[in-house]
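What follows is a single structure, written as structure tokens, with notes after it.
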Amino acid sequence: MSPWHCAGFLFLLTGAASGAQDIEALGSRLSEMDRGLYTCAGTSVNTQCRAYGKQLEYLGLPVLGVTLEYRSELLNRTTVLFDEPRFAQIEGSLTARFGAPEIHDEQLRSGMAGAFVNRVRVWRRDGNVAMLEQYSGKITSSALRYLTPDDYRELMRARDAERVRGTRDL
């Protein structure tokens, strides 16, 4: 994985957003991260860093939070959480920049909400993956993830293992 390609991928996504939160490029080193923007915790192998408490923006939209996941000192996953009603706007923005996404919709189940479709969109660019998920953790939030291809495969395998009769719990 080339950090230069990763940085280019993220640059394309953030370029039009004025005042957007800077997000570290996939493949960047934990030791080079701006600790003033994130609070980090973890082990020497896996570290998660989160940005909260500030007025955060990404793609020109307000965000609920940003999480950076480092494995062995290198960033391998970035997650940006948005309010769920922003899903269509984010999907439109990414589609305009990268073309039609792969569609990986899935059935979810969530307590009293019952069963419903979780729209999942995937773009592959410069050897990395951008994954937009309508419902992430709660029915009120959507997630935009930037992942290495290996991390994307690992995430999808774990999700497939959680399915019971084709449905996954939110």
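Here's how to read the names in the structure tokens: chain A, B, ... by the order shown, residue numbers from 1 in each chain, ligand numbers from 1 in the order shown.
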
Residues within 6 Å of Leu147 (chain A), only C-alpha atoms, excluding chain neighbours under 3 positions, as a short mmCIF file (atom, residue, chain, number, x, y, z; two decimals) with all heavy atoms, in the first residue's frame:
```
data_model
loop_
_atom_site.label_atom_id
_atom_site.label_comp_id
_atom_site.auth_asym_id
_atom_site.auth_seq_id
_atom_site.Cartn_x
_atom_site.Cartn_y
_atom_site.Cartn_z
N ASN A 76 -5.12 2.07 9.32
CA ASN A 76 -5.73 1.16 8.35
C ASN A 76 -7.24 1.35 8.23
O ASN A 76 -7.85 0.76 7.35
CB ASN A 76 -5.39 -0.30 8.66
CG ASN A 76 -6.13 -0.83 9.87
OD1 ASN A 76 -6.21 -0.15 10.88
ND2 ASN A 76 -6.69 -2.00 9.77
N ARG A 77 -7.85 2.21 9.09
CA ARG A 77 -9.29 2.46 8.95
C ARG A 77 -9.63 3.83 9.55
O ARG A 77 -9.19 4.16 10.63
CB ARG A 77 -10.12 1.40 9.66
CG ARG A 77 -11.61 1.61 9.49
CD ARG A 77 -12.46 0.68 10.34
NE ARG A 77 -12.18 -0.71 10.08
CZ ARG A 77 -12.87 -1.72 10.61
NH1 ARG A 77 -13.88 -1.48 11.42
NH2 ARG A 77 -12.55 -2.97 10.34
N VAL A 129 -10.46 1.51 -0.23
CA VAL A 129 -11.91 1.36 -0.28
C VAL A 129 -12.58 2.47 0.53
O VAL A 129 -12.15 2.77 1.64
CB VAL A 129 -12.33 -0.02 0.30
CG1 VAL A 129 -13.83 -0.19 0.31
CG2 VAL A 129 -11.67 -1.17 -0.47
N ASP A 151 -8.44 -4.74 5.31
CA ASP A 151 -9.34 -4.41 6.40
C ASP A 151 -10.79 -4.49 5.94
O ASP A 151 -11.67 -4.93 6.69
CB ASP A 151 -9.03 -3.02 6.96
CG ASP A 151 -9.70 -2.78 8.30
OD1 ASP A 151 -9.70 -3.71 9.13
OD2 ASP A 151 -10.21 -1.68 8.51
N TYR A 152 -11.06 -4.09 4.70
CA TYR A 152 -12.43 -4.19 4.16
C TYR A 152 -12.86 -5.66 4.10
O TYR A 152 -13.97 -6.00 4.54
CB TYR A 152 -12.49 -3.56 2.77
CG TYR A 152 -13.81 -3.78 2.08
CD1 TYR A 152 -14.95 -3.08 2.49
CD2 TYR A 152 -13.93 -4.68 1.04
CE1 TYR A 152 -16.17 -3.29 1.87
CE2 TYR A 152 -15.14 -4.89 0.41
CZ TYR A 152 -16.25 -4.20 0.82
OH TYR A 152 -17.46 -4.42 0.21
#
```

- Could you write out, as a VMD selection string, all the residues of region 67-163 of chain A that DSSP marks as helix (DSSP H, G or I)? chain A and resid 84 to 98 111 to 113 149 to 162

Writing out the chosen residues with N, CA and C atoms as a short mmCIF file (atom, residue, chain, number, x, y, z; two decimals), in the first residue's frame:
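Ended up saving to out-v7.cif:
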```
data_model
loop_
_atom_site.label_atom_id
_atom_site.label_comp_id
_atom_site.auth_asym_id
_atom_site.auth_seq_id
_atom_site.Cartn_x
_atom_site.Cartn_y
_atom_site.Cartn_z
N GLU A 84 -27.95 10.13 10.22
CA GLU A 84 -28.48 9.29 9.14
C GLU A 84 -29.19 10.08 8.04
N PRO A 85 -29.94 11.14 8.34
CA PRO A 85 -30.58 11.88 7.24
C PRO A 85 -29.60 12.45 6.21
N ARG A 86 -28.30 12.48 6.50
CA ARG A 86 -27.29 12.98 5.56
C ARG A 86 -26.84 11.92 4.55
N PHE A 87 -27.29 10.67 4.72
CA PHE A 87 -26.82 9.57 3.89
C PHE A 87 -26.94 9.88 2.39
N ALA A 88 -28.11 10.28 1.93
CA ALA A 88 -28.33 10.52 0.50
C ALA A 88 -27.42 11.62 -0.03
N GLN A 89 -27.21 12.66 0.75
CA GLN A 89 -26.34 13.76 0.33
C GLN A 89 -24.89 13.29 0.19
N ILE A 90 -24.42 12.49 1.14
CA ILE A 90 -23.05 11.97 1.08
C ILE A 90 -22.91 11.01 -0.10
N GLU A 91 -23.89 10.14 -0.28
CA GLU A 91 -23.86 9.21 -1.41
C GLU A 91 -23.80 9.97 -2.73
N GLY A 92 -24.60 11.02 -2.86
CA GLY A 92 -24.58 11.82 -4.09
C GLY A 92 -23.24 12.48 -4.33
N SER A 93 -22.64 13.00 -3.28
CA SER A 93 -21.34 13.65 -3.39
C SER A 93 -20.26 12.66 -3.84
N LEU A 94 -20.24 11.50 -3.21
CA LEU A 94 -19.23 10.49 -3.57
C LEU A 94 -19.47 9.93 -4.97
N THR A 95 -20.72 9.75 -5.34
CA THR A 95 -21.04 9.25 -6.69
C THR A 95 -20.63 10.26 -7.75
N ALA A 96 -20.83 11.54 -7.48
CA ALA A 96 -20.41 12.58 -8.43
C ALA A 96 -18.90 12.57 -8.62
N ARG A 97 -18.15 12.27 -7.57
CA ARG A 97 -16.69 12.27 -7.66
C ARG A 97 -16.12 10.98 -8.23
N PHE A 98 -16.72 9.83 -7.85
CA PHE A 98 -16.11 8.54 -8.18
C PHE A 98 -16.92 7.65 -9.10
N GLY A 111 -34.25 -4.36 17.39
CA GLY A 111 -35.27 -4.28 18.44
C GLY A 111 -36.65 -3.98 17.93
N MET A 112 -37.25 -2.91 18.44
CA MET A 112 -38.62 -2.56 18.09
C MET A 112 -38.75 -2.03 16.66
N ALA A 113 -37.65 -1.64 16.03
CA ALA A 113 -37.70 -1.15 14.65
C ALA A 113 -37.93 -2.30 13.67
N PRO A 149 -7.77 -2.51 1.56
CA PRO A 149 -8.50 -3.65 1.03
C PRO A 149 -8.54 -4.84 2.00
N ASP A 150 -7.44 -5.10 2.70
CA ASP A 150 -7.42 -6.21 3.67
C ASP A 150 -8.39 -5.96 4.82
N ASP A 151 -8.44 -4.74 5.31
CA ASP A 151 -9.34 -4.41 6.40
C ASP A 151 -10.79 -4.49 5.94
N TYR A 152 -11.06 -4.09 4.70
CA TYR A 152 -12.43 -4.19 4.16
C TYR A 152 -12.86 -5.66 4.10
N ARG A 153 -11.99 -6.53 3.59
CA ARG A 153 -12.33 -7.97 3.53
C ARG A 153 -12.57 -8.53 4.93
N GLU A 154 -11.74 -8.14 5.89
CA GLU A 154 -11.89 -8.60 7.28
C GLU A 154 -13.22 -8.11 7.87
N LEU A 155 -13.56 -6.86 7.63
CA LEU A 155 -14.83 -6.31 8.11
C LEU A 155 -16.02 -7.06 7.52
N MET A 156 -15.99 -7.30 6.22
CA MET A 156 -17.11 -7.98 5.57
C MET A 156 -17.22 -9.44 6.02
N ARG A 157 -16.10 -10.12 6.24
CA ARG A 157 -16.15 -11.50 6.75
C ARG A 157 -16.79 -11.53 8.13
N ALA A 158 -16.43 -10.59 8.99
CA ALA A 158 -16.99 -10.53 10.34
C ALA A 158 -18.50 -10.26 10.28
N ARG A 159 -18.92 -9.37 9.40
CA ARG A 159 -20.35 -9.08 9.26
C ARG A 159 -21.11 -10.28 8.74
N ASP A 160 -20.54 -10.98 7.76
CA ASP A 160 -21.20 -12.17 7.23
C ASP A 160 -21.37 -13.24 8.31
N ALA A 161 -20.39 -13.35 9.20
CA ALA A 161 -20.46 -14.35 10.28
C ALA A 161 -21.56 -14.02 11.29
N GLU A 162 -21.97 -12.75 11.37
CA GLU A 162 -23.00 -12.34 12.32
C GLU A 162 -24.42 -12.59 11.80
#
```

- Message: If DSSP is run on the backbone, what residues of region 3-152 of chain A are strand (DSSP E or B)? A reply as a PyMOL selection string would be ideal.
- Response: chain A and resi 29+39-42+46-51+57-58+61-62+65-71+74-83+102-103+106-110+114-118+120-125+128-133+136+138+141-147

Produce a file of the selected residues containing C-alpha atoms, as a PDB file, in the first residue's frame.
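What follows is the written file again.pdb:
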```pdb
ATOM      1  CA  ARG A  29       2.034   6.712  11.036  1.00  0.00           C
ATOM      2  CA  THR A  39      -7.716  11.370  21.997  1.00  0.00           C
ATOM      3  CA  CYS A  40      -6.068   7.948  21.670  1.00  0.00           C
ATOM      4  CA  ALA A  41      -6.197   4.678  23.597  1.00  0.00           C
ATOM      5  CA  GLY A  42      -5.083   1.136  22.920  1.00  0.00           C
ATOM      6  CA  ASN A  46      -4.010  -1.629  17.983  1.00  0.00           C
ATOM      7  CA  THR A  47      -4.793   1.995  18.782  1.00  0.00           C
ATOM      8  CA  GLN A  48      -8.028   3.951  18.309  1.00  0.00           C
ATOM      9  CA  CYS A  49      -8.026   7.731  18.187  1.00  0.00           C
ATOM     10  CA  ARG A  50     -11.220   9.773  18.349  1.00  0.00           C
ATOM     11  CA  ALA A  51     -12.087  13.399  17.655  1.00  0.00           C
ATOM     12  CA  GLU A  57     -17.071  18.958   9.606  1.00  0.00           C
ATOM     13  CA  TYR A  58     -16.275  16.642   6.740  1.00  0.00           C
ATOM     14  CA  LEU A  61     -21.266  18.584   6.564  1.00  0.00           C
ATOM     15  CA  PRO A  62     -21.370  18.403  10.362  1.00  0.00           C
ATOM     16  CA  GLY A  65     -17.352  11.925  15.382  1.00  0.00           C
ATOM     17  CA  VAL A  66     -14.198  10.670  13.676  1.00  0.00           C
ATOM     18  CA  THR A  67     -12.324   7.493  14.640  1.00  0.00           C
ATOM     19  CA  LEU A  68      -8.878   6.520  13.372  1.00  0.00           C
ATOM     20  CA  GLU A  69      -7.797   2.889  13.814  1.00  0.00           C
ATOM     21  CA  TYR A  70      -4.097   2.112  13.752  1.00  0.00           C
ATOM     22  CA  ARG A  71      -2.623  -1.358  13.497  1.00  0.00           C
ATOM     23  CA  LEU A  74      -0.083   2.451  10.556  1.00  0.00           C
ATOM     24  CA  LEU A  75      -3.571   3.843   9.940  1.00  0.00           C
ATOM     25  CA  ASN A  76      -5.730   1.158   8.353  1.00  0.00           C
ATOM     26  CA  ARG A  77      -9.291   2.464   8.951  1.00  0.00           C
ATOM     27  CA  THR A  78     -10.971   5.844   9.298  1.00  0.00           C
ATOM     28  CA  THR A  79     -14.646   6.128  10.273  1.00  0.00           C
ATOM     29  CA  VAL A  80     -16.640   9.345  10.008  1.00  0.00           C
ATOM     30  CA  LEU A  81     -20.109   9.295  11.620  1.00  0.00           C
ATOM     31  CA  PHE A  82     -22.914  11.491  10.269  1.00  0.00           C
ATOM     32  CA  ASP A  83     -26.564  11.899  11.190  1.00  0.00           C
ATOM     33  CA  GLU A 102     -20.869  -1.143  -5.842  1.00  0.00           C
ATOM     34  CA  ILE A 103     -24.123  -1.875  -3.993  1.00  0.00           C
ATOM     35  CA  GLU A 106     -28.151  -5.960   3.624  1.00  0.00           C
ATOM     36  CA  GLN A 107     -31.057  -6.844   5.907  1.00  0.00           C
ATOM     37  CA  LEU A 108     -30.750  -5.543   9.473  1.00  0.00           C
ATOM     38  CA  ARG A 109     -32.819  -6.130  12.582  1.00  0.00           C
ATOM     39  CA  SER A 110     -33.033  -3.657  15.435  1.00  0.00           C
ATOM     40  CA  GLY A 114     -37.905  -4.690  13.225  1.00  0.00           C
ATOM     41  CA  ALA A 115     -36.197  -5.692   9.981  1.00  0.00           C
ATOM     42  CA  PHE A 116     -35.138  -3.124   7.373  1.00  0.00           C
ATOM     43  CA  VAL A 117     -32.627  -2.599   4.564  1.00  0.00           C
ATOM     44  CA  ASN A 118     -29.233  -1.073   5.319  1.00  0.00           C
ATOM     45  CA  VAL A 120     -24.204   0.020   1.795  1.00  0.00           C
ATOM     46  CA  ARG A 121     -22.168   1.630  -0.998  1.00  0.00           C
ATOM     47  CA  VAL A 122     -18.546   0.868  -1.881  1.00  0.00           C
ATOM     48  CA  TRP A 123     -16.058   2.763  -4.057  1.00  0.00           C
ATOM     49  CA  ARG A 124     -12.580   1.405  -4.815  1.00  0.00           C
ATOM     50  CA  ARG A 125      -9.893   3.935  -5.685  1.00  0.00           C
ATOM     51  CA  ASN A 128      -8.223   1.568  -1.122  1.00  0.00           C
ATOM     52  CA  VAL A 129     -11.913   1.357  -0.281  1.00  0.00           C
ATOM     53  CA  ALA A 130     -14.510   3.965   0.700  1.00  0.00           C
ATOM     54  CA  MET A 131     -17.590   2.373   2.280  1.00  0.00           C
ATOM     55  CA  LEU A 132     -20.757   4.326   3.065  1.00  0.00           C
ATOM     56  CA  GLU A 133     -23.291   2.646   5.336  1.00  0.00           C
ATOM     57  CA  SER A 136     -24.038   2.185  11.688  1.00  0.00           C
ATOM     58  CA  LYS A 138     -27.729   2.933  15.615  1.00  0.00           C
ATOM     59  CA  SER A 141     -26.207   7.450  12.385  1.00  0.00           C
ATOM     60  CA  SER A 142     -24.511   6.702   9.069  1.00  0.00           C
ATOM     61  CA  ALA A 143     -20.830   5.863   8.654  1.00  0.00           C
ATOM     62  CA  LEU A 144     -18.303   6.664   5.958  1.00  0.00           C
ATOM     63  CA  ARG A 145     -15.270   4.405   6.267  1.00  0.00           C
ATOM     64  CA  TYR A 146     -11.945   4.522   4.464  1.00  0.00           C
ATOM     65  CA  LEU A 147     -10.227   1.150   4.620  1.00  0.00           C
TER      66      LEU A 147
END
```

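For the atom pair formed by CA of Thr148 (chain A) and CA of Leu26 (chain A), the distance is 7.3 Å, given to one decimal.
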
- Query: What is the CA of Ser31 (chain A)-CA of Leu64 (chain A) distance in Å, reported with one decimal?
  - Reply: 24.9 Å

- Task: Go ahead and compute the interatomic distance for CA of Glu32 (chain A) and CA of Gly137 (chain A), in Å to one decimal.
- Result: 29.4 Å

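Here the question is which of A:Gln55, A:Gly60, A:Gly27, A:His104 gets nearest to Ser72 (chain A) using only C-alpha atoms, and that residue is A:Gly27.
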